[in-house]
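Each remark here refers to the structure printed beneath this line.
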Amino acid sequence: MNAQTMGSIYPTAPRTAPVTRDEFGADFTWGVSTASYQIEGAAAEGGRVRSAWDDFVTIPGHIRGGDTADVAADHFHRYREDVELMRELGVTAYRFSFAWPRIQSESRVITQGLDFYDRLVDELAGAGIEPVPTIFHWDTPSWVEARGGWRTRDVADRFADYSTLLADRFSDRIQRWMTLNEPVALTMLGHGVGLHAPGHTMGLDAVEVGANLLLAHGKSVAALRAAGVTSIGIANAHTPVWPVDDTAETRSAVAFYDALQNGLFMQPLLRGSWPAPLREALTHRDEDLATISAPIDWYGVNYYHPTAIGPAGAGGTPLQGEIPLPDGLPFSFGPIEGYPTSDFGWPVVPRALTELLVGMRDTYGDALPPIMITENGTSNTVERSEDGRFRDDFRIEFLAGHLAAVRDAQDAGVDVQGYFHWSLMDNFEWAEGYSQRFGIVDIDPVTQDRTPKDSYHWYRSFLTGSARS
């Protein structure tokens, strides 16, 4: 999934032919995505117990502005309003996540939490929107973390029990499920460098956490299958890896980073093996590969930007905030210039999404299941204009460009079957608090009022066939 040289990828000519919804086919899934901790709020309501993120945000300096997700977007109380926004938008599916701390304490099942998701799922059904849940999106219960959390292999068994609980309750109304969201982020940001909860700084030793997450995925797949679920996927974060030059040192660094970011969370699932640069560290986990590689029905891709990689010791900064990188990494981050950037500083390169998807097809061939784009969006903060509008033209251009890139991948023979935009609403953006705005719906932090932005109206027009990318 990495380019041969930087020059083979950019600069690229902009797409001149626009696309319409009809070109994707009648069965293509159109949706929006959110995550429980980022939007629900009600942190101490409905029997919910604390999570590792609740603990993490209380430590000074961890979250920009000292923000917390205690209220977030208040979705717990306003979910009906949010479902109505989705119905008016015209999406056919909604990707949300179950909050593990809202469903299980250390000693009991939290019935109020299950009841909340019952109401949400039924509300979605009434609006003609398919619920597509993620079982786990990073909000590890504090009681699980206290037992060693994702650093322990036996967390996979607890996760399987949790998956069984959810499947028994909801599989009669939910057809498509995702096991995990972006295990690479929890592995490297949460356990490698400590930027995210639970805040551990294990460096590259965190690959063991990744192996535990993959084992949990495999055991979750088995639990879902046992409950009769027939459509199972995972949402993994992927990036094209671009070398900063064509030296042998850089090629080695690119191979390692590609294995860490992309291969570790894809190759074991689809090929039942560890990526070569990480194999020595994980050989003792070979016994888990049969469980990890249990067949899935589709593969979720979260894409935001490409990543430039150089040789070890060359300096540079990553694209996700100010990450305190550990010493001794066998790669460095390089600049990506010549493209517009989001408020997060991420380069906006729609064509790189096509590159990524075609690269997956070329790498995995028949082992690659159908693909869903489970996250794709951009941070773009705009103020309300005098006429009450949020003119986020940057996000509209981002959305149009990336939809065209998905269509290009389809034209190249990649079986892409759905697209979920990140995100429906502005939310708690992890270590960045509320400073980064990814939503197509503005959330007033004081009143919690919802205001669709211009991008919401553009997406709605696209979905009804009256807008072109």
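Identifiers in this document derive from the order of the structure tokens: chains are assigned A, B, ..., residues are numbered from 1 separately in each chain, and ligands are numbered from 1 in order of occurrence.
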
Margin query: Could you pull out the alpha helix (DSSP H) residues of region 135-181 of chain A, going by DSSP on the backbone, and write them as a list in words?
Written below: Ser142, Trp143, Val144, Glu145, Ala146, Val155, Ala156, Asp157, Arg158, Phe159, Ala160, Asp161, Tyr162, Ser163, Thr164, Leu165, Leu166, Ala167, Asp168, Arg169 and Phe170 of chain A

Check: So which residues touch Ala73 (chain A) within 7 Å, counting only C-alpha atoms, skipping near sequence neighbours fewer than 6 positions away, as a ChimeraX atom specification?
Finding: /A:39-41,427,443,448

Next item on the list: For Thr307 (chain A), work out the shell of residues within 9 Å, counting only C-alpha atoms and skipping chain neighbours fewer than 3 positions away, then give it as JSON, numbers by chain.
Entry: {"A": [239, 240, 241, 242, 243, 318, 319, 333, 334, 335, 336, 347]}

Next item on the list: Could you give me, as JSON, numbers by chain, the residues within 9 Å of Tyr299 (chain A), counting only C-alpha atoms and dropping anything in the same chain fewer than 4 positions from it?
Entry: {"A": [232, 233, 234, 235, 236, 368, 369, 370, 371, 372, 373, 374]}

Note to self: Which residues are close to region 48-63 of chain A, i.e. within 10 Å by only C-alpha atoms, leaving aside same-chain residues fewer than 6 positions away? Reply as a VMD selection string.
What the structure shows: chain A and resid 37 42 69 to 70 99 to 106 110 to 113 138 to 146 149 194 to 199 429 to 434

Next item on the list: In Å, rounded to a single decimal, give me how far CA of Pro350 (chain A) is from CA of Glu249 (chain A).
Entry: 28.1 Å

Checklist line | Spatial neighbours of Ala125 (chain A), 10 Å, only C-alpha atoms, chain gap at least 3 places, as a PyMOL selection string | finding: chain A and resi 83+93+119-122+128-131+173-174

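With only C-alpha atoms as the atoms that count, the residue of A:Gly401, A:Gly218, A:Pro277, A:Gly66 with the shortest distance to Ser435 (chain A) is A:Gly66.
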
Contact table region 245-332 of chain A vs region 220-227 of chain A, cut-off 9 Å, shortest pair per residue, only C-alpha atoms, as a Markdown table:
```
| residue | atom | partner | partner_atom | distance |
| --- | --- | --- | --- | --- |
| A:Thr291 | CA | A:Ala222 | CA | 8.3 |
| A:Ile292 | CA | A:Val221 | CA | 8.8 |
| A:Ala294 | CA | A:Val221 | CA | 7.2 |
| A:Pro295 | CA | A:Val221 | CA | 8.4 |
| A:Ile296 | CA | A:Val221 | CA | 7.7 |
```

Non-local contacts of Phe420 (chain A) (12 Å; only C-alpha atoms; under 5 positions in same chain excluded) as a compact mmCIF listing (two decimals) with all heavy atoms, in the first residue's frame:
```txt
# COMPACT_ATOMS: atom_id res chain seq x y z
N PHE A 28 -25.75 0.61 -3.09
CA PHE A 28 -24.67 1.26 -2.35
C PHE A 28 -25.21 1.84 -1.05
O PHE A 28 -26.29 2.44 -1.02
CB PHE A 28 -24.05 2.37 -3.21
CG PHE A 28 -22.72 2.86 -2.73
CD1 PHE A 28 -21.55 2.20 -3.09
CD2 PHE A 28 -22.62 3.99 -1.94
CE1 PHE A 28 -20.30 2.66 -2.68
CE2 PHE A 28 -21.39 4.46 -1.51
CZ PHE A 28 -20.22 3.79 -1.88
N THR A 29 -24.47 1.65 0.04
CA THR A 29 -24.88 2.15 1.35
C THR A 29 -24.37 3.57 1.56
O THR A 29 -23.17 3.83 1.40
CB THR A 29 -24.34 1.24 2.47
OG1 THR A 29 -24.90 -0.07 2.32
CG2 THR A 29 -24.70 1.79 3.85
N TRP A 30 -25.27 4.47 1.94
CA TRP A 30 -24.90 5.86 2.22
C TRP A 30 -25.18 6.16 3.69
O TRP A 30 -26.29 5.95 4.17
CB TRP A 30 -25.70 6.82 1.34
CG TRP A 30 -25.37 6.68 -0.12
CD1 TRP A 30 -26.08 6.02 -1.07
CD2 TRP A 30 -24.22 7.21 -0.78
NE1 TRP A 30 -25.45 6.10 -2.29
CE2 TRP A 30 -24.30 6.83 -2.13
CE3 TRP A 30 -23.12 7.97 -0.35
CZ2 TRP A 30 -23.33 7.18 -3.07
CZ3 TRP A 30 -22.16 8.32 -1.28
CH2 TRP A 30 -22.26 7.94 -2.62
N GLY A 31 -24.17 6.65 4.40
CA GLY A 31 -24.37 6.86 5.81
C GLY A 31 -23.54 7.97 6.40
O GLY A 31 -22.80 8.69 5.71
N VAL A 32 -23.66 8.12 7.70
CA VAL A 32 -22.84 9.00 8.52
C VAL A 32 -22.38 8.19 9.73
O VAL A 32 -23.01 7.19 10.09
CB VAL A 32 -23.60 10.26 8.98
CG1 VAL A 32 -23.76 11.25 7.84
CG2 VAL A 32 -24.96 9.91 9.59
N SER A 33 -21.30 8.63 10.34
CA SER A 33 -20.71 7.91 11.47
C SER A 33 -20.60 8.80 12.70
O SER A 33 -20.43 10.02 12.59
CB SER A 33 -19.30 7.41 11.12
OG SER A 33 -19.32 6.43 10.13
N THR A 34 -20.67 8.17 13.87
CA THR A 34 -20.38 8.82 15.14
C THR A 34 -19.75 7.78 16.06
O THR A 34 -19.58 6.62 15.68
CB THR A 34 -21.64 9.38 15.84
OG1 THR A 34 -22.50 8.28 16.20
CG2 THR A 34 -22.40 10.36 14.95
N VAL A 91 -29.77 9.63 4.37
CA VAL A 91 -28.86 8.49 4.43
C VAL A 91 -29.66 7.20 4.64
O VAL A 91 -30.78 7.21 5.14
CB VAL A 91 -27.82 8.65 5.56
CG1 VAL A 91 -26.87 9.79 5.26
CG2 VAL A 91 -28.50 8.85 6.92
N THR A 92 -29.06 6.10 4.22
CA THR A 92 -29.71 4.81 4.37
C THR A 92 -29.19 4.03 5.58
O THR A 92 -29.78 3.02 5.95
CB THR A 92 -29.49 3.95 3.12
OG1 THR A 92 -28.08 3.76 2.89
CG2 THR A 92 -30.10 4.63 1.89
N ALA A 93 -28.09 4.50 6.20
CA ALA A 93 -27.51 3.77 7.32
C ALA A 93 -26.83 4.74 8.28
O ALA A 93 -26.40 5.83 7.89
CB ALA A 93 -26.50 2.73 6.82
N TYR A 94 -26.72 4.31 9.53
CA TYR A 94 -26.08 5.11 10.57
C TYR A 94 -25.09 4.23 11.30
O TYR A 94 -25.45 3.21 11.89
CB TYR A 94 -27.12 5.65 11.54
CG TYR A 94 -26.57 6.35 12.77
CD1 TYR A 94 -25.53 7.26 12.69
CD2 TYR A 94 -27.13 6.10 14.03
CE1 TYR A 94 -25.04 7.90 13.82
CE2 TYR A 94 -26.66 6.75 15.17
CZ TYR A 94 -25.61 7.64 15.06
OH TYR A 94 -25.13 8.27 16.17
N ARG A 95 -23.82 4.63 11.27
CA ARG A 95 -22.80 3.93 12.02
C ARG A 95 -22.61 4.62 13.37
O ARG A 95 -22.20 5.77 13.44
CB ARG A 95 -21.47 3.92 11.25
CG ARG A 95 -20.40 3.17 12.02
CD ARG A 95 -19.01 3.34 11.45
NE ARG A 95 -18.07 2.80 12.43
CZ ARG A 95 -16.85 3.25 12.64
NH1 ARG A 95 -16.39 4.27 11.93
NH2 ARG A 95 -16.09 2.71 13.57
N PHE A 96 -22.94 3.91 14.44
CA PHE A 96 -22.75 4.41 15.80
C PHE A 96 -21.96 3.36 16.57
O PHE A 96 -21.59 2.32 16.02
CB PHE A 96 -24.10 4.67 16.47
CG PHE A 96 -24.93 3.43 16.71
CD1 PHE A 96 -24.93 2.79 17.94
CD2 PHE A 96 -25.72 2.89 15.69
CE1 PHE A 96 -25.69 1.64 18.16
CE2 PHE A 96 -26.48 1.75 15.89
CZ PHE A 96 -26.46 1.12 17.12
N VAL A 132 -25.94 0.40 12.01
CA VAL A 132 -24.71 -0.37 11.74
C VAL A 132 -23.75 -0.07 12.90
O VAL A 132 -22.96 0.88 12.84
CB VAL A 132 -24.09 0.01 10.39
CG1 VAL A 132 -22.88 -0.88 10.09
CG2 VAL A 132 -25.11 -0.10 9.26
N ALA A 235 -13.66 -1.79 11.40
CA ALA A 235 -13.32 -0.46 10.88
C ALA A 235 -11.85 -0.18 11.20
O ALA A 235 -11.52 0.11 12.36
CB ALA A 235 -14.21 0.62 11.47
N GLY A 300 -14.02 -2.57 6.65
CA GLY A 300 -14.22 -1.14 6.81
C GLY A 300 -12.90 -0.38 6.75
O GLY A 300 -11.94 -0.76 7.41
N VAL A 301 -12.88 0.68 5.95
CA VAL A 301 -11.69 1.51 5.79
C VAL A 301 -11.99 2.92 6.28
O VAL A 301 -12.90 3.59 5.78
CB VAL A 301 -11.24 1.56 4.31
CG1 VAL A 301 -10.11 2.57 4.12
CG2 VAL A 301 -10.81 0.18 3.84
N ASN A 302 -11.24 3.39 7.27
CA ASN A 302 -11.27 4.78 7.71
C ASN A 302 -10.09 5.49 7.06
O ASN A 302 -8.93 5.10 7.28
CB ASN A 302 -11.14 4.89 9.23
CG ASN A 302 -12.32 4.31 9.97
OD1 ASN A 302 -13.27 3.82 9.37
ND2 ASN A 302 -12.27 4.36 11.29
N TYR A 303 -10.37 6.50 6.25
CA TYR A 303 -9.29 7.21 5.55
C TYR A 303 -9.43 8.72 5.76
O TYR A 303 -10.52 9.27 5.60
CB TYR A 303 -9.31 6.93 4.05
CG TYR A 303 -8.42 7.90 3.29
CD1 TYR A 303 -7.03 7.72 3.28
CD2 TYR A 303 -8.94 9.03 2.66
CE1 TYR A 303 -6.20 8.64 2.65
CE2 TYR A 303 -8.11 9.95 2.02
CZ TYR A 303 -6.75 9.75 2.01
OH TYR A 303 -5.93 10.66 1.41
N ILE A 371 -15.51 -3.72 0.36
CA ILE A 371 -15.05 -2.63 1.24
C ILE A 371 -16.18 -1.66 1.52
O ILE A 371 -17.00 -1.34 0.65
CB ILE A 371 -13.86 -1.89 0.58
CG1 ILE A 371 -12.59 -2.76 0.69
CG2 ILE A 371 -13.62 -0.52 1.21
CD1 ILE A 371 -11.40 -2.18 -0.03
N MET A 372 -16.22 -1.18 2.74
CA MET A 372 -17.04 -0.04 3.15
C MET A 372 -16.10 1.07 3.60
O MET A 372 -15.17 0.82 4.37
CB MET A 372 -17.96 -0.40 4.32
CG MET A 372 -19.02 -1.42 4.00
SD MET A 372 -20.44 -0.65 3.24
CE MET A 372 -21.47 -2.11 3.04
N ILE A 373 -16.32 2.28 3.13
CA ILE A 373 -15.61 3.42 3.70
C ILE A 373 -16.38 3.79 4.96
O ILE A 373 -17.46 4.36 4.91
CB ILE A 373 -15.56 4.61 2.72
CG1 ILE A 373 -14.98 4.17 1.37
CG2 ILE A 373 -14.76 5.76 3.32
CD1 ILE A 373 -13.59 3.59 1.45
N THR A 374 -15.82 3.44 6.10
CA THR A 374 -16.54 3.59 7.37
C THR A 374 -16.28 4.93 8.06
O THR A 374 -17.02 5.30 8.97
CB THR A 374 -16.19 2.43 8.31
OG1 THR A 374 -14.79 2.12 8.21
CG2 THR A 374 -16.99 1.19 7.93
N GLU A 375 -15.22 5.63 7.65
CA GLU A 375 -15.00 7.02 8.09
C GLU A 375 -14.26 7.76 6.99
O GLU A 375 -13.31 7.23 6.40
CB GLU A 375 -14.16 7.11 9.38
CG GLU A 375 -14.89 6.77 10.64
CD GLU A 375 -14.04 6.99 11.88
OE1 GLU A 375 -13.12 7.85 11.84
OE2 GLU A 375 -14.27 6.30 12.89
N ASN A 376 -14.67 9.00 6.76
CA ASN A 376 -13.95 9.90 5.86
C ASN A 376 -14.54 11.28 6.08
O ASN A 376 -15.75 11.47 5.96
CB ASN A 376 -14.12 9.46 4.40
CG ASN A 376 -13.45 10.41 3.42
OD1 ASN A 376 -14.11 10.96 2.53
ND2 ASN A 376 -12.15 10.60 3.55
N GLY A 377 -13.70 12.22 6.47
CA GLY A 377 -14.20 13.57 6.73
C GLY A 377 -13.04 14.51 7.02
O GLY A 377 -11.87 14.12 6.95
N LEU A 399 -15.69 16.54 0.61
CA LEU A 399 -16.66 15.47 0.43
C LEU A 399 -16.81 15.13 -1.05
O LEU A 399 -16.77 13.95 -1.44
CB LEU A 399 -17.99 15.90 1.04
CG LEU A 399 -19.17 14.93 1.02
CD1 LEU A 399 -18.79 13.59 1.58
CD2 LEU A 399 -20.34 15.52 1.79
N HIS A 402 -13.67 13.30 -2.39
CA HIS A 402 -13.46 11.94 -1.92
C HIS A 402 -14.54 10.99 -2.44
O HIS A 402 -14.26 9.80 -2.65
CB HIS A 402 -13.37 11.92 -0.39
CG HIS A 402 -12.05 12.44 0.10
ND1 HIS A 402 -11.77 13.78 0.21
CD2 HIS A 402 -10.91 11.78 0.48
CE1 HIS A 402 -10.53 13.94 0.65
NE2 HIS A 402 -9.99 12.73 0.82
N LEU A 403 -15.74 11.48 -2.67
CA LEU A 403 -16.74 10.63 -3.32
C LEU A 403 -16.29 10.30 -4.75
O LEU A 403 -16.45 9.16 -5.21
CB LEU A 403 -18.10 11.33 -3.34
CG LEU A 403 -18.79 11.47 -1.98
CD1 LEU A 403 -20.11 12.22 -2.13
CD2 LEU A 403 -19.03 10.10 -1.34
N VAL A 406 -13.70 7.58 -4.49
CA VAL A 406 -14.30 6.26 -4.29
C VAL A 406 -14.81 5.71 -5.62
O VAL A 406 -14.61 4.53 -5.94
CB VAL A 406 -15.45 6.34 -3.26
CG1 VAL A 406 -16.20 5.01 -3.18
CG2 VAL A 406 -14.91 6.70 -1.88
N TYR A 459 -24.70 17.42 0.98
CA TYR A 459 -24.79 15.96 1.02
C TYR A 459 -26.22 15.50 0.76
O TYR A 459 -26.47 14.54 0.02
CB TYR A 459 -24.26 15.46 2.36
CG TYR A 459 -23.95 13.98 2.45
CD1 TYR A 459 -23.67 13.20 1.34
CD2 TYR A 459 -23.92 13.35 3.70
CE1 TYR A 459 -23.38 11.85 1.44
CE2 TYR A 459 -23.62 12.01 3.83
CZ TYR A 459 -23.36 11.26 2.70
OH TYR A 459 -23.06 9.91 2.83
```

Item checked: Per-residue DSSP, region 30-255 of chain A, filtered to strand (DSSP E), as a ChimeraX atom specification -> /A:30-33,93-97,130-136,176-181,231-237,241-243
